[in-house]
$ cat coords13.cif   # mmCIF, N, CA and C atoms
data_model
loop_
_atom_site.group_PDB
_atom_site.id
_atom_site.type_symbol
_atom_site.label_atom_id
_atom_site.label_comp_id
_atom_site.auth_asym_id
_atom_site.auth_seq_id
_atom_site.Cartn_x
_atom_site.Cartn_y
_atom_site.Cartn_z
ATOM 1 N N MET A 229 -73.880 -43.122 -154.893
ATOM 2 C CA MET A 229 -74.703 -42.402 -153.948
ATOM 3 C C MET A 229 -74.330 -40.926 -154.027
ATOM 4 N N ALA A 230 -75.340 -40.082 -153.953
ATOM 5 C CA ALA A 230 -75.120 -38.646 -154.046
ATOM 6 C C ALA A 230 -74.598 -38.111 -152.720
ATOM 7 N N SER A 231 -73.748 -37.120 -152.821
ATOM 8 C CA SER A 231 -73.228 -36.493 -151.612
ATOM 9 C C SER A 231 -74.292 -35.584 -151.022
ATOM 10 N N PRO A 232 -74.162 -35.216 -149.721
ATOM 11 C CA PRO A 232 -75.136 -34.297 -149.128
ATOM 12 C C PRO A 232 -75.239 -32.982 -149.896
ATOM 13 N N ALA A 233 -74.136 -32.510 -150.416
ATOM 14 C CA ALA A 233 -74.163 -31.261 -151.184
ATOM 15 C C ALA A 233 -74.990 -31.434 -152.455
ATOM 16 N N GLN A 234 -74.841 -32.599 -153.110
ATOM 17 C CA GLN A 234 -75.630 -32.854 -154.313
ATOM 18 C C GLN A 234 -77.113 -32.972 -153.958
ATOM 19 N N ASN A 235 -77.405 -33.644 -152.839
ATOM 20 C CA ASN A 235 -78.800 -33.775 -152.410
ATOM 21 C C ASN A 235 -79.407 -32.416 -152.120
ATOM 22 N N ALA A 236 -78.671 -31.549 -151.452
ATOM 23 C CA ALA A 236 -79.180 -30.216 -151.125
ATOM 24 C C ALA A 236 -79.490 -29.448 -152.398
ATOM 25 N N THR A 237 -78.625 -29.566 -153.405
ATOM 26 C CA THR A 237 -78.850 -28.887 -154.667
ATOM 27 C C THR A 237 -80.084 -29.429 -155.352
ATOM 28 N N THR A 238 -80.216 -30.755 -155.361
ATOM 29 C CA THR A 238 -81.367 -31.377 -156.003
ATOM 30 C C THR A 238 -82.651 -31.003 -155.290
ATOM 31 N N GLU A 239 -82.660 -31.029 -153.969
ATOM 32 C CA GLU A 239 -83.864 -30.753 -153.216
ATOM 33 C C GLU A 239 -84.284 -29.294 -153.307
ATOM 34 N N SER A 240 -83.337 -28.387 -153.465
ATOM 35 C CA SER A 240 -83.693 -26.974 -153.510
ATOM 36 C C SER A 240 -84.002 -26.486 -154.922
ATOM 37 N N ALA A 241 -83.790 -27.340 -155.924
ATOM 38 C CA ALA A 241 -84.075 -26.930 -157.291
ATOM 39 C C ALA A 241 -85.576 -26.734 -157.453
ATOM 40 N N PRO A 242 -85.991 -25.660 -158.125
ATOM 41 C CA PRO A 242 -87.424 -25.420 -158.288
ATOM 42 C C PRO A 242 -88.068 -26.496 -159.156
ATOM 43 N N ALA A 243 -89.269 -26.889 -158.777
ATOM 44 C CA ALA A 243 -90.008 -27.867 -159.559
ATOM 45 C C ALA A 243 -90.540 -27.190 -160.817
ATOM 46 N N ALA A 244 -90.632 -27.959 -161.879
ATOM 47 C CA ALA A 244 -91.177 -27.420 -163.113
ATOM 48 C C ALA A 244 -92.648 -27.084 -162.890
ATOM 49 N N VAL A 245 -93.062 -25.950 -163.375
ATOM 50 C CA VAL A 245 -94.455 -25.546 -163.247
ATOM 51 C C VAL A 245 -95.254 -26.328 -164.289
ATOM 52 N N ARG A 246 -96.222 -27.070 -163.808
ATOM 53 C CA ARG A 246 -97.093 -27.814 -164.711
ATOM 54 C C ARG A 246 -98.436 -27.118 -164.761
ATOM 55 N N THR A 247 -98.910 -26.916 -165.968
ATOM 56 C CA THR A 247 -100.241 -26.359 -166.116
ATOM 57 C C THR A 247 -101.177 -27.452 -166.610
ATOM 58 N N VAL A 248 -102.440 -27.278 -166.298
ATOM 59 C CA VAL A 248 -103.458 -28.250 -166.662
ATOM 60 C C VAL A 248 -104.550 -27.520 -167.420
ATOM 61 N N ALA A 249 -105.077 -28.168 -168.441
ATOM 62 C CA ALA A 249 -106.153 -27.569 -169.231
ATOM 63 C C ALA A 249 -107.144 -28.645 -169.636
ATOM 64 N N LEU A 250 -108.393 -28.227 -169.820
ATOM 65 C CA LEU A 250 -109.385 -29.127 -170.399
ATOM 66 C C LEU A 250 -109.075 -29.286 -171.885
ATOM 67 N N GLU A 251 -109.227 -30.488 -172.392
ATOM 68 C CA GLU A 251 -109.115 -30.690 -173.837
ATOM 69 C C GLU A 251 -110.288 -29.986 -174.504
ATOM 70 N N THR A 252 -110.139 -29.620 -175.753
ATOM 71 C CA THR A 252 -111.188 -28.867 -176.441
ATOM 72 C C THR A 252 -112.482 -29.660 -176.583
ATOM 73 N N HIS A 253 -112.395 -30.978 -176.590
ATOM 74 C CA HIS A 253 -113.600 -31.802 -176.725
ATOM 75 C C HIS A 253 -114.241 -32.131 -175.366
ATOM 76 N N ALA A 254 -113.687 -31.610 -174.272
ATOM 77 C CA ALA A 254 -114.240 -31.830 -172.935
ATOM 78 C C ALA A 254 -115.040 -30.602 -172.522
ATOM 79 N N ILE A 255 -116.299 -30.814 -172.220
ATOM 80 C CA ILE A 255 -117.209 -29.727 -171.866
ATOM 81 C C ILE A 255 -117.785 -30.008 -170.484
ATOM 82 N N SER A 256 -117.740 -29.008 -169.612
ATOM 83 C CA SER A 256 -118.337 -29.184 -168.279
ATOM 84 C C SER A 256 -119.620 -28.386 -168.190
ATOM 85 N N ARG A 257 -120.579 -28.962 -167.483
ATOM 86 C CA ARG A 257 -121.874 -28.300 -167.283
ATOM 87 C C ARG A 257 -122.337 -28.560 -165.857
ATOM 88 N N GLN A 258 -122.960 -27.561 -165.284
ATOM 89 C CA GLN A 258 -123.566 -27.653 -163.967
ATOM 90 C C GLN A 258 -125.012 -28.098 -164.170
ATOM 91 N N THR A 259 -125.466 -29.083 -163.410
ATOM 92 C CA THR A 259 -126.859 -29.511 -163.507
ATOM 93 C C THR A 259 -127.715 -28.692 -162.546
ATOM 94 N N SER A 260 -129.023 -28.801 -162.689
ATOM 95 C CA SER A 260 -129.927 -28.080 -161.787
ATOM 96 C C SER A 260 -129.811 -28.599 -160.354
ATOM 97 N N ALA A 261 -129.312 -29.819 -160.192
ATOM 98 C CA ALA A 261 -129.120 -30.399 -158.857
ATOM 99 C C ALA A 261 -127.781 -29.990 -158.250
ATOM 100 N N GLY A 262 -127.006 -29.181 -158.975
ATOM 101 C CA GLY A 262 -125.729 -28.707 -158.456
ATOM 102 C C GLY A 262 -124.550 -29.630 -158.728
ATOM 103 N N LEU A 263 -124.761 -30.674 -159.509
ATOM 104 C CA LEU A 263 -123.671 -31.574 -159.869
ATOM 105 C C LEU A 263 -122.923 -31.027 -161.076
ATOM 106 N N THR A 264 -121.676 -31.417 -161.224
ATOM 107 C CA THR A 264 -120.918 -31.056 -162.419
ATOM 108 C C THR A 264 -120.798 -32.296 -163.286
ATOM 109 N N MET A 265 -121.146 -32.131 -164.537
ATOM 110 C CA MET A 265 -121.006 -33.205 -165.514
ATOM 111 C C MET A 265 -119.887 -32.811 -166.473
ATOM 112 N N LEU A 266 -119.061 -33.773 -166.830
ATOM 113 C CA LEU A 266 -117.989 -33.536 -167.789
ATOM 114 C C LEU A 266 -118.256 -34.435 -168.985
ATOM 115 N N PHE A 267 -118.446 -33.817 -170.138
ATOM 116 C CA PHE A 267 -118.771 -34.539 -171.356
ATOM 117 C C PHE A 267 -117.524 -34.663 -172.236
ATOM 118 N N ASP A 268 -117.281 -35.869 -172.705
ATOM 119 C CA ASP A 268 -116.218 -36.113 -173.673
ATOM 120 C C ASP A 268 -116.905 -36.247 -175.022
ATOM 121 N N ARG A 269 -116.927 -35.159 -175.782
ATOM 122 C CA ARG A 269 -117.609 -35.166 -177.075
ATOM 123 C C ARG A 269 -116.939 -36.079 -178.084
ATOM 124 N N ALA A 270 -115.641 -36.334 -177.935
ATOM 125 C CA ALA A 270 -114.924 -37.199 -178.871
ATOM 126 C C ALA A 270 -115.342 -38.660 -178.717
ATOM 127 N N LYS A 271 -115.624 -39.074 -177.484
ATOM 128 C CA LYS A 271 -115.975 -40.475 -177.224
ATOM 129 C C LYS A 271 -117.455 -40.674 -176.926
ATOM 130 N N GLY A 272 -118.184 -39.580 -176.735
ATOM 131 C CA GLY A 272 -119.589 -39.690 -176.393
ATOM 132 C C GLY A 272 -119.808 -40.211 -174.979
ATOM 133 N N VAL A 273 -118.902 -39.852 -174.066
ATOM 134 C CA VAL A 273 -118.965 -40.330 -172.681
ATOM 135 C C VAL A 273 -119.239 -39.150 -171.759
ATOM 136 N N MET A 274 -120.018 -39.408 -170.705
ATOM 137 C CA MET A 274 -120.337 -38.379 -169.733
ATOM 138 C C MET A 274 -119.875 -38.853 -168.353
ATOM 139 N N TYR A 275 -119.258 -37.952 -167.594
ATOM 140 C CA TYR A 275 -118.790 -38.251 -166.242
ATOM 141 C C TYR A 275 -119.507 -37.354 -165.254
ATOM 142 N N GLU A 276 -120.013 -37.939 -164.168
ATOM 143 C CA GLU A 276 -120.575 -37.167 -163.073
ATOM 144 C C GLU A 276 -119.463 -37.003 -162.054
ATOM 145 N N LEU A 277 -119.113 -35.760 -161.738
ATOM 146 C CA LEU A 277 -117.966 -35.489 -160.888
ATOM 147 C C LEU A 277 -118.374 -35.288 -159.436
ATOM 148 N N ASN A 278 -117.513 -35.749 -158.532
ATOM 149 C CA ASN A 278 -117.753 -35.488 -157.115
ATOM 150 C C ASN A 278 -117.336 -34.044 -156.800
ATOM 151 N N GLU A 279 -117.485 -33.654 -155.554
ATOM 152 C CA GLU A 279 -117.248 -32.255 -155.168
ATOM 153 C C GLU A 279 -115.821 -31.805 -155.447
ATOM 154 N N SER A 280 -114.843 -32.636 -155.104
ATOM 155 C CA SER A 280 -113.453 -32.204 -155.298
ATOM 156 C C SER A 280 -113.081 -32.173 -156.780
ATOM 157 N N ALA A 281 -113.532 -33.148 -157.551
ATOM 158 C CA ALA A 281 -113.261 -33.145 -158.990
ATOM 159 C C ALA A 281 -113.956 -31.956 -159.656
ATOM 160 N N SER A 282 -115.169 -31.648 -159.196
ATOM 161 C CA SER A 282 -115.889 -30.491 -159.718
ATOM 162 C C SER A 282 -115.118 -29.205 -159.458
ATOM 163 N N ALA A 283 -114.523 -29.112 -158.281
ATOM 164 C CA ALA A 283 -113.750 -27.913 -157.933
ATOM 165 C C ALA A 283 -112.530 -27.763 -158.836
ATOM 166 N N VAL A 284 -111.883 -28.883 -159.172
ATOM 167 C CA VAL A 284 -110.728 -28.823 -160.083
ATOM 168 C C VAL A 284 -111.191 -28.353 -161.455
ATOM 169 N N VAL A 285 -112.228 -28.971 -161.980
ATOM 170 C CA VAL A 285 -112.713 -28.627 -163.318
ATOM 171 C C VAL A 285 -113.182 -27.173 -163.375
ATOM 172 N N SER A 286 -113.805 -26.690 -162.300
ATOM 173 C CA SER A 286 -114.261 -25.301 -162.306
ATOM 174 C C SER A 286 -113.094 -24.328 -162.444
ATOM 175 N N GLN A 287 -111.913 -24.725 -161.990
ATOM 176 C CA GLN A 287 -110.727 -23.882 -162.134
ATOM 177 C C GLN A 287 -110.228 -23.844 -163.581
ATOM 178 N N LEU A 288 -110.659 -24.825 -164.392
ATOM 179 C CA LEU A 288 -110.123 -24.967 -165.743
ATOM 180 C C LEU A 288 -111.085 -24.544 -166.842
ATOM 181 N N THR A 289 -112.251 -24.045 -166.491
ATOM 182 C CA THR A 289 -113.255 -23.758 -167.523
ATOM 183 C C THR A 289 -112.907 -22.581 -168.414
ATOM 184 N N THR A 290 -112.121 -21.633 -167.921
ATOM 185 C CA THR A 290 -111.819 -20.463 -168.749
ATOM 186 C C THR A 290 -110.424 -20.489 -169.351
ATOM 187 N N GLU A 291 -109.468 -21.081 -168.642
ATOM 188 C CA GLU A 291 -108.093 -21.118 -169.153
ATOM 189 C C GLU A 291 -107.279 -22.145 -168.384
ATOM 190 N N PRO A 292 -106.144 -22.566 -168.942
ATOM 191 C CA PRO A 292 -105.264 -23.491 -168.217
ATOM 192 C C PRO A 292 -104.804 -22.862 -166.899
ATOM 193 N N GLN A 293 -104.557 -23.701 -165.931
ATOM 194 C CA GLN A 293 -104.112 -23.242 -164.612
ATOM 195 C C GLN A 293 -102.877 -24.024 -164.185
ATOM 196 N N ALA A 294 -102.014 -23.372 -163.432
ATOM 197 C CA ALA A 294 -100.873 -24.062 -162.844
ATOM 198 C C ALA A 294 -101.397 -25.025 -161.787
ATOM 199 N N LEU A 295 -100.869 -26.222 -161.787
ATOM 200 C CA LEU A 295 -101.302 -27.243 -160.844
ATOM 201 C C LEU A 295 -101.188 -26.756 -159.408
ATOM 202 N N GLU A 296 -100.103 -26.084 -159.097
ATOM 203 C CA GLU A 296 -99.887 -25.592 -157.735
ATOM 204 C C GLU A 296 -100.935 -24.546 -157.347
ATOM 205 N N GLU A 297 -101.347 -23.714 -158.293
ATOM 206 C CA GLU A 297 -102.381 -22.717 -158.010
ATOM 207 C C GLU A 297 -103.718 -23.391 -157.702
ATOM 208 N N ILE A 298 -104.033 -24.442 -158.444
ATOM 209 C CA ILE A 298 -105.266 -25.187 -158.190
ATOM 210 C C ILE A 298 -105.231 -25.768 -156.786
ATOM 211 N N VAL A 299 -104.120 -26.395 -156.440
ATOM 212 C CA VAL A 299 -103.978 -27.003 -155.109
ATOM 213 C C VAL A 299 -104.110 -25.937 -154.024
ATOM 214 N N ASP A 300 -103.437 -24.815 -154.189
ATOM 215 C CA ASP A 300 -103.503 -23.735 -153.190
ATOM 216 C C ASP A 300 -104.938 -23.253 -152.991
ATOM 217 N N LYS A 301 -105.658 -23.014 -154.088
ATOM 218 C CA LYS A 301 -107.033 -22.525 -154.002
ATOM 219 C C LYS A 301 -107.941 -23.544 -153.318
ATOM 220 N N LEU A 302 -107.787 -24.817 -153.673
ATOM 221 C CA LEU A 302 -108.664 -25.838 -153.102
ATOM 222 C C LEU A 302 -108.343 -26.130 -151.645
ATOM 223 N N ALA A 303 -107.085 -26.017 -151.263
ATOM 224 C CA ALA A 303 -106.732 -26.205 -149.849
ATOM 225 C C ALA A 303 -107.430 -25.152 -148.999
ATOM 226 N N ILE A 304 -107.527 -23.931 -149.521
ATOM 227 C CA ILE A 304 -108.237 -22.861 -148.808
ATOM 228 C C ILE A 304 -109.745 -23.120 -148.847
ATOM 229 N N GLU A 305 -110.265 -23.415 -150.026
ATOM 230 C CA GLU A 305 -111.712 -23.622 -150.193
ATOM 231 C C GLU A 305 -112.234 -24.750 -149.307
ATOM 232 N N PHE A 306 -111.486 -25.859 -149.245
ATOM 233 C CA PHE A 306 -111.937 -27.024 -148.475
ATOM 234 C C PHE A 306 -111.372 -27.049 -147.058
ATOM 235 N N ASP A 307 -110.556 -26.044 -146.707
ATOM 236 C CA ASP A 307 -109.929 -25.986 -145.389
ATOM 237 C C ASP A 307 -109.301 -27.340 -145.044
ATOM 238 N N ALA A 308 -108.473 -27.807 -145.955
ATOM 239 C CA ALA A 308 -107.859 -29.128 -145.829
ATOM 240 C C ALA A 308 -106.344 -29.015 -145.964
ATOM 241 N N PRO A 309 -105.617 -29.999 -145.442
ATOM 242 C CA PRO A 309 -104.158 -29.978 -145.558
ATOM 243 C C PRO A 309 -103.709 -29.954 -147.024
ATOM 244 N N HIS A 310 -102.746 -29.109 -147.293
ATOM 245 C CA HIS A 310 -102.223 -28.914 -148.644
ATOM 246 C C HIS A 310 -101.791 -30.237 -149.269
ATOM 247 N N ASP A 311 -101.089 -31.088 -148.508
ATOM 248 C CA ASP A 311 -100.578 -32.339 -149.078
ATOM 249 C C ASP A 311 -101.701 -33.301 -149.453
ATOM 250 N N GLU A 312 -102.807 -33.298 -148.699
ATOM 251 C CA GLU A 312 -103.945 -34.154 -149.051
ATOM 252 C C GLU A 312 -104.611 -33.665 -150.334
ATOM 253 N N ILE A 313 -104.803 -32.368 -150.427
ATOM 254 C CA ILE A 313 -105.404 -31.787 -151.631
ATOM 255 C C ILE A 313 -104.500 -32.056 -152.830
ATOM 256 N N GLU A 314 -103.206 -31.868 -152.641
ATOM 257 C CA GLU A 314 -102.268 -32.090 -153.739
ATOM 258 C C GLU A 314 -102.345 -33.530 -154.248
ATOM 259 N N GLU A 315 -102.414 -34.480 -153.339
ATOM 260 C CA GLU A 315 -102.508 -35.885 -153.734
ATOM 261 C C GLU A 315 -103.798 -36.150 -154.517
ATOM 262 N N ASP A 316 -104.915 -35.605 -154.032
ATOM 263 C CA ASP A 316 -106.196 -35.788 -154.722
ATOM 264 C C ASP A 316 -106.181 -35.157 -156.113
ATOM 265 N N VAL A 317 -105.642 -33.954 -156.203
ATOM 266 C CA VAL A 317 -105.588 -33.263 -157.491
ATOM 267 C C VAL A 317 -104.674 -34.009 -158.454
ATOM 268 N N GLN A 318 -103.529 -34.464 -157.971
ATOM 269 C CA GLN A 318 -102.595 -35.217 -158.827
ATOM 270 C C GLN A 318 -103.272 -36.466 -159.374
ATOM 271 N N THR A 319 -104.016 -37.172 -158.515
ATOM 272 C CA THR A 319 -104.709 -38.394 -158.939
ATOM 273 C C THR A 319 -105.770 -38.073 -159.984
ATOM 274 N N PHE A 320 -106.586 -37.052 -159.719
ATOM 275 C CA PHE A 320 -107.623 -36.651 -160.675
ATOM 276 C C PHE A 320 -107.004 -36.273 -162.017
ATOM 277 N N VAL A 321 -105.969 -35.445 -161.980
ATOM 278 C CA VAL A 321 -105.324 -34.995 -163.218
ATOM 279 C C VAL A 321 -104.737 -36.183 -163.984
ATOM 280 N N ALA A 322 -104.084 -37.086 -163.285
ATOM 281 C CA ALA A 322 -103.509 -38.268 -163.957
ATOM 282 C C ALA A 322 -104.605 -39.119 -164.594
ATOM 283 N N ASP A 323 -105.679 -39.380 -163.852
ATOM 284 C CA ASP A 323 -106.765 -40.219 -164.368
ATOM 285 C C ASP A 323 -107.455 -39.586 -165.571
ATOM 286 N N PHE A 324 -107.745 -38.298 -165.478
ATOM 287 C CA PHE A 324 -108.481 -37.661 -166.560
ATOM 288 C C PHE A 324 -107.578 -37.268 -167.727
ATOM 289 N N THR A 325 -106.283 -37.161 -167.493
ATOM 290 C CA THR A 325 -105.346 -36.994 -168.610
ATOM 291 C C THR A 325 -105.273 -38.305 -169.387
ATOM 292 N N GLU A 326 -105.196 -39.408 -168.657
ATOM 293 C CA GLU A 326 -105.174 -40.730 -169.306
ATOM 294 C C GLU A 326 -106.469 -40.974 -170.085
ATOM 295 N N ALA A 327 -107.591 -40.484 -169.553
ATOM 296 C CA ALA A 327 -108.872 -40.641 -170.231
ATOM 297 C C ALA A 327 -109.020 -39.697 -171.438
ATOM 298 N N GLY A 328 -108.079 -38.758 -171.578
ATOM 299 C CA GLY A 328 -108.099 -37.851 -172.722
ATOM 300 C C GLY A 328 -108.908 -36.584 -172.528
ATOM 301 N N LEU A 329 -109.275 -36.270 -171.275
ATOM 302 C CA LEU A 329 -110.093 -35.082 -171.025
ATOM 303 C C LEU A 329 -109.280 -33.877 -170.568
ATOM 304 N N LEU A 330 -108.088 -34.127 -170.059
ATOM 305 C CA LEU A 330 -107.189 -33.053 -169.623
ATOM 306 C C LEU A 330 -105.874 -33.197 -170.344
ATOM 307 N N ARG A 331 -105.148 -32.101 -170.410
ATOM 308 C CA ARG A 331 -103.775 -32.143 -170.916
ATOM 309 C C ARG A 331 -102.902 -31.344 -169.968
ATOM 310 N N THR A 332 -101.670 -31.778 -169.827
ATOM 311 C CA THR A 332 -100.730 -31.058 -168.992
ATOM 312 C C THR A 332 -99.566 -30.601 -169.852
ATOM 313 N N CYS A 333 -98.971 -29.515 -169.435
ATOM 314 C CA CYS A 333 -97.768 -29.030 -170.101
ATOM 315 C C CYS A 333 -96.925 -28.329 -169.056
ATOM 316 N N SER A 334 -95.614 -28.280 -169.296
ATOM 317 C CA SER A 334 -94.745 -27.612 -168.310
ATOM 318 C C SER A 334 -94.278 -26.288 -168.812
#
$ encode --input "coords13.cif" --output "structure tokens"
Amino acid sequence: MASPAQNATTESAPAAVRTVALETHAISRQTSAGLTMLFDRAKGVMYELNESASAVVSQLTTEPQALEEIVDKLAIEFDAPHDEIEEDVQTFVADFTEAGLLRTCS
């Protein structure tokens, strides 16, 4: 078991900055109805994104973004608790990284 001093050191250590980027074969497009579609050109699959997923992808269209920056921006945009937004973004990033549409790096 770790001592309280060890726990304090572990808890105060800065988290690694993770950045997220769209894979080169993933293309996002806005439809005339205001929906965001994400195309996987490698697999020939198209995804219709909900509002929160669309907001994440819109942050990634020009360059990779730090995960924390995405969460901060969306918490303000949606006027929602930071921890809820963070959980949603983490889930989206994990799912779409597994699907091969996003990549993360530290």
$ closest_residue --input "coords13.cif" --among "A:Leu330, A:Val284, A:Val248, A:Ala294" --to "Phe267 in chain A" --atoms "only C-alpha atoms"
A:Leu330
$ resolve_selection --input "coords13.cif" --expression "the PyMOL selection byres ((chain A and resi 275) around 7)" --output "ChimeraX atom specification"
/A:264-268,273-274,276-277
$ write_last_selection --input "coords13.cif" --atoms "N, CA and C atoms" --output "PDB file, in the coordinates of the input"
ATOM      1  N   THR A 264    -121.676 -31.417-161.224  1.00  0.00           N
ATOM      2  CA  THR A 264    -120.918 -31.056-162.419  1.00  0.00           C
ATOM      3  C   THR A 264    -120.798 -32.296-163.286  1.00  0.00           C
ATOM      4  N   MET A 265    -121.146 -32.131-164.537  1.00  0.00           N
ATOM      5  CA  MET A 265    -121.006 -33.205-165.514  1.00  0.00           C
ATOM      6  C   MET A 265    -119.887 -32.811-166.473  1.00  0.00           C
ATOM      7  N   LEU A 266    -119.061 -33.773-166.830  1.00  0.00           N
ATOM      8  CA  LEU A 266    -117.989 -33.536-167.789  1.00  0.00           C
ATOM      9  C   LEU A 266    -118.256 -34.435-168.985  1.00  0.00           C
ATOM     10  N   PHE A 267    -118.446 -33.817-170.138  1.00  0.00           N
ATOM     11  CA  PHE A 267    -118.771 -34.539-171.356  1.00  0.00           C
ATOM     12  C   PHE A 267    -117.524 -34.663-172.236  1.00  0.00           C
ATOM     13  N   ASP A 268    -117.281 -35.869-172.705  1.00  0.00           N
ATOM     14  CA  ASP A 268    -116.218 -36.113-173.673  1.00  0.00           C
ATOM     15  C   ASP A 268    -116.905 -36.247-175.022  1.00  0.00           C
ATOM     16  N   VAL A 273    -118.902 -39.852-174.066  1.00  0.00           N
ATOM     17  CA  VAL A 273    -118.965 -40.330-172.681  1.00  0.00           C
ATOM     18  C   VAL A 273    -119.239 -39.150-171.759  1.00  0.00           C
ATOM     19  N   MET A 274    -120.018 -39.408-170.705  1.00  0.00           N
ATOM     20  CA  MET A 274    -120.337 -38.379-169.733  1.00  0.00           C
ATOM     21  C   MET A 274    -119.875 -38.853-168.353  1.00  0.00           C
ATOM     22  N   GLU A 276    -120.013 -37.939-164.168  1.00  0.00           N
ATOM     23  CA  GLU A 276    -120.575 -37.167-163.073  1.00  0.00           C
ATOM     24  C   GLU A 276    -119.463 -37.003-162.054  1.00  0.00           C
ATOM     25  N   LEU A 277    -119.113 -35.760-161.738  1.00  0.00           N
ATOM     26  CA  LEU A 277    -117.966 -35.489-160.888  1.00  0.00           C
ATOM     27  C   LEU A 277    -118.374 -35.288-159.436  1.00  0.00           C
TER      28      LEU A 277
END
$ residues_near_point --input "coords13.cif" --point "(-101.2, -28.7, -169.2)" --cutoff "6 Å" --atoms "all atoms listed in the file" --output "ChimeraX atom specification"
/A:246-249,331-334
$ select_by_dssp --input "coords13.cif" --residues "chain A" --states "alpha helix (DSSP H)" --output "PyMOL selection string"
chain A and resi 232-240+279-288+295-305+310-326
$ atom_distance --input "coords13.cif" --atom1 "atom N of Glu312 in chain A" --atom2 "atom N of Val299 in chain A"
10.5 Å
$ atom_distance --input "coords13.cif" --atom1 "atom C of Ile313 in chain A" --atom2 "atom C of Lys271 in chain A"
28.7 Å
$ closest_residue --input "coords13.cif" --among "A:Ile304, A:Leu295, A:Val317, A:Ala322" --to "Ser282 in chain A" --atoms "only C-alpha atoms"
A:Val317
$ select_by_dssp --input "coords13.cif" --residues "chain A" --states "strand (DSSP E)" --output "mmCIF file with N, CA and C atoms, in the coordinates of the input"
data_model
loop_
_atom_site.group_PDB
_atom_site.id
_atom_site.type_symbol
_atom_site.label_atom_id
_atom_site.label_comp_id
_atom_site.auth_asym_id
_atom_site.auth_seq_id
_atom_site.Cartn_x
_atom_site.Cartn_y
_atom_site.Cartn_z
ATOM 1 N N THR A 247 -98.910 -26.916 -165.968
ATOM 2 C CA THR A 247 -100.241 -26.359 -166.116
ATOM 3 C C THR A 247 -101.177 -27.452 -166.610
ATOM 4 N N VAL A 248 -102.440 -27.278 -166.298
ATOM 5 C CA VAL A 248 -103.458 -28.250 -166.662
ATOM 6 C C VAL A 248 -104.550 -27.520 -167.420
ATOM 7 N N ALA A 249 -105.077 -28.168 -168.441
ATOM 8 C CA ALA A 249 -106.153 -27.569 -169.231
ATOM 9 C C ALA A 249 -107.144 -28.645 -169.636
ATOM 10 N N LEU A 250 -108.393 -28.227 -169.820
ATOM 11 C CA LEU A 250 -109.385 -29.127 -170.399
ATOM 12 C C LEU A 250 -109.075 -29.286 -171.885
ATOM 13 N N ALA A 254 -113.687 -31.610 -174.272
ATOM 14 C CA ALA A 254 -114.240 -31.830 -172.935
ATOM 15 C C ALA A 254 -115.040 -30.602 -172.522
ATOM 16 N N ILE A 255 -116.299 -30.814 -172.220
ATOM 17 C CA ILE A 255 -117.209 -29.727 -171.866
ATOM 18 C C ILE A 255 -117.785 -30.008 -170.484
ATOM 19 N N SER A 256 -117.740 -29.008 -169.612
ATOM 20 C CA SER A 256 -118.337 -29.184 -168.279
ATOM 21 C C SER A 256 -119.620 -28.386 -168.190
ATOM 22 N N ARG A 257 -120.579 -28.962 -167.483
ATOM 23 C CA ARG A 257 -121.874 -28.300 -167.283
ATOM 24 C C ARG A 257 -122.337 -28.560 -165.857
ATOM 25 N N GLN A 258 -122.960 -27.561 -165.284
ATOM 26 C CA GLN A 258 -123.566 -27.653 -163.967
ATOM 27 C C GLN A 258 -125.012 -28.098 -164.170
ATOM 28 N N THR A 264 -121.676 -31.417 -161.224
ATOM 29 C CA THR A 264 -120.918 -31.056 -162.419
ATOM 30 C C THR A 264 -120.798 -32.296 -163.286
ATOM 31 N N MET A 265 -121.146 -32.131 -164.537
ATOM 32 C CA MET A 265 -121.006 -33.205 -165.514
ATOM 33 C C MET A 265 -119.887 -32.811 -166.473
ATOM 34 N N LEU A 266 -119.061 -33.773 -166.830
ATOM 35 C CA LEU A 266 -117.989 -33.536 -167.789
ATOM 36 C C LEU A 266 -118.256 -34.435 -168.985
ATOM 37 N N PHE A 267 -118.446 -33.817 -170.138
ATOM 38 C CA PHE A 267 -118.771 -34.539 -171.356
ATOM 39 C C PHE A 267 -117.524 -34.663 -172.236
ATOM 40 N N ASP A 268 -117.281 -35.869 -172.705
ATOM 41 C CA ASP A 268 -116.218 -36.113 -173.673
ATOM 42 C C ASP A 268 -116.905 -36.247 -175.022
ATOM 43 N N VAL A 273 -118.902 -39.852 -174.066
ATOM 44 C CA VAL A 273 -118.965 -40.330 -172.681
ATOM 45 C C VAL A 273 -119.239 -39.150 -171.759
ATOM 46 N N MET A 274 -120.018 -39.408 -170.705
ATOM 47 C CA MET A 274 -120.337 -38.379 -169.733
ATOM 48 C C MET A 274 -119.875 -38.853 -168.353
ATOM 49 N N TYR A 275 -119.258 -37.952 -167.594
ATOM 50 C CA TYR A 275 -118.790 -38.251 -166.242
ATOM 51 C C TYR A 275 -119.507 -37.354 -165.254
ATOM 52 N N GLU A 276 -120.013 -37.939 -164.168
ATOM 53 C CA GLU A 276 -120.575 -37.167 -163.073
ATOM 54 C C GLU A 276 -119.463 -37.003 -162.054
ATOM 55 N N LEU A 277 -119.113 -35.760 -161.738
ATOM 56 C CA LEU A 277 -117.966 -35.489 -160.888
ATOM 57 C C LEU A 277 -118.374 -35.288 -159.436
ATOM 58 N N GLN A 293 -104.557 -23.701 -165.931
ATOM 59 C CA GLN A 293 -104.112 -23.242 -164.612
ATOM 60 C C GLN A 293 -102.877 -24.024 -164.185
ATOM 61 N N ALA A 294 -102.014 -23.372 -163.432
ATOM 62 C CA ALA A 294 -100.873 -24.062 -162.844
ATOM 63 C C ALA A 294 -101.397 -25.025 -161.787
ATOM 64 N N LEU A 330 -108.088 -34.127 -170.059
ATOM 65 C CA LEU A 330 -107.189 -33.053 -169.623
ATOM 66 C C LEU A 330 -105.874 -33.197 -170.344
ATOM 67 N N ARG A 331 -105.148 -32.101 -170.410
ATOM 68 C CA ARG A 331 -103.775 -32.143 -170.916
ATOM 69 C C ARG A 331 -102.902 -31.344 -169.968
ATOM 70 N N THR A 332 -101.670 -31.778 -169.827
ATOM 71 C CA THR A 332 -100.730 -31.058 -168.992
ATOM 72 C C THR A 332 -99.566 -30.601 -169.852
ATOM 73 N N CYS A 333 -98.971 -29.515 -169.435
ATOM 74 C CA CYS A 333 -97.768 -29.030 -170.101
ATOM 75 C C CYS A 333 -96.925 -28.329 -169.056
#
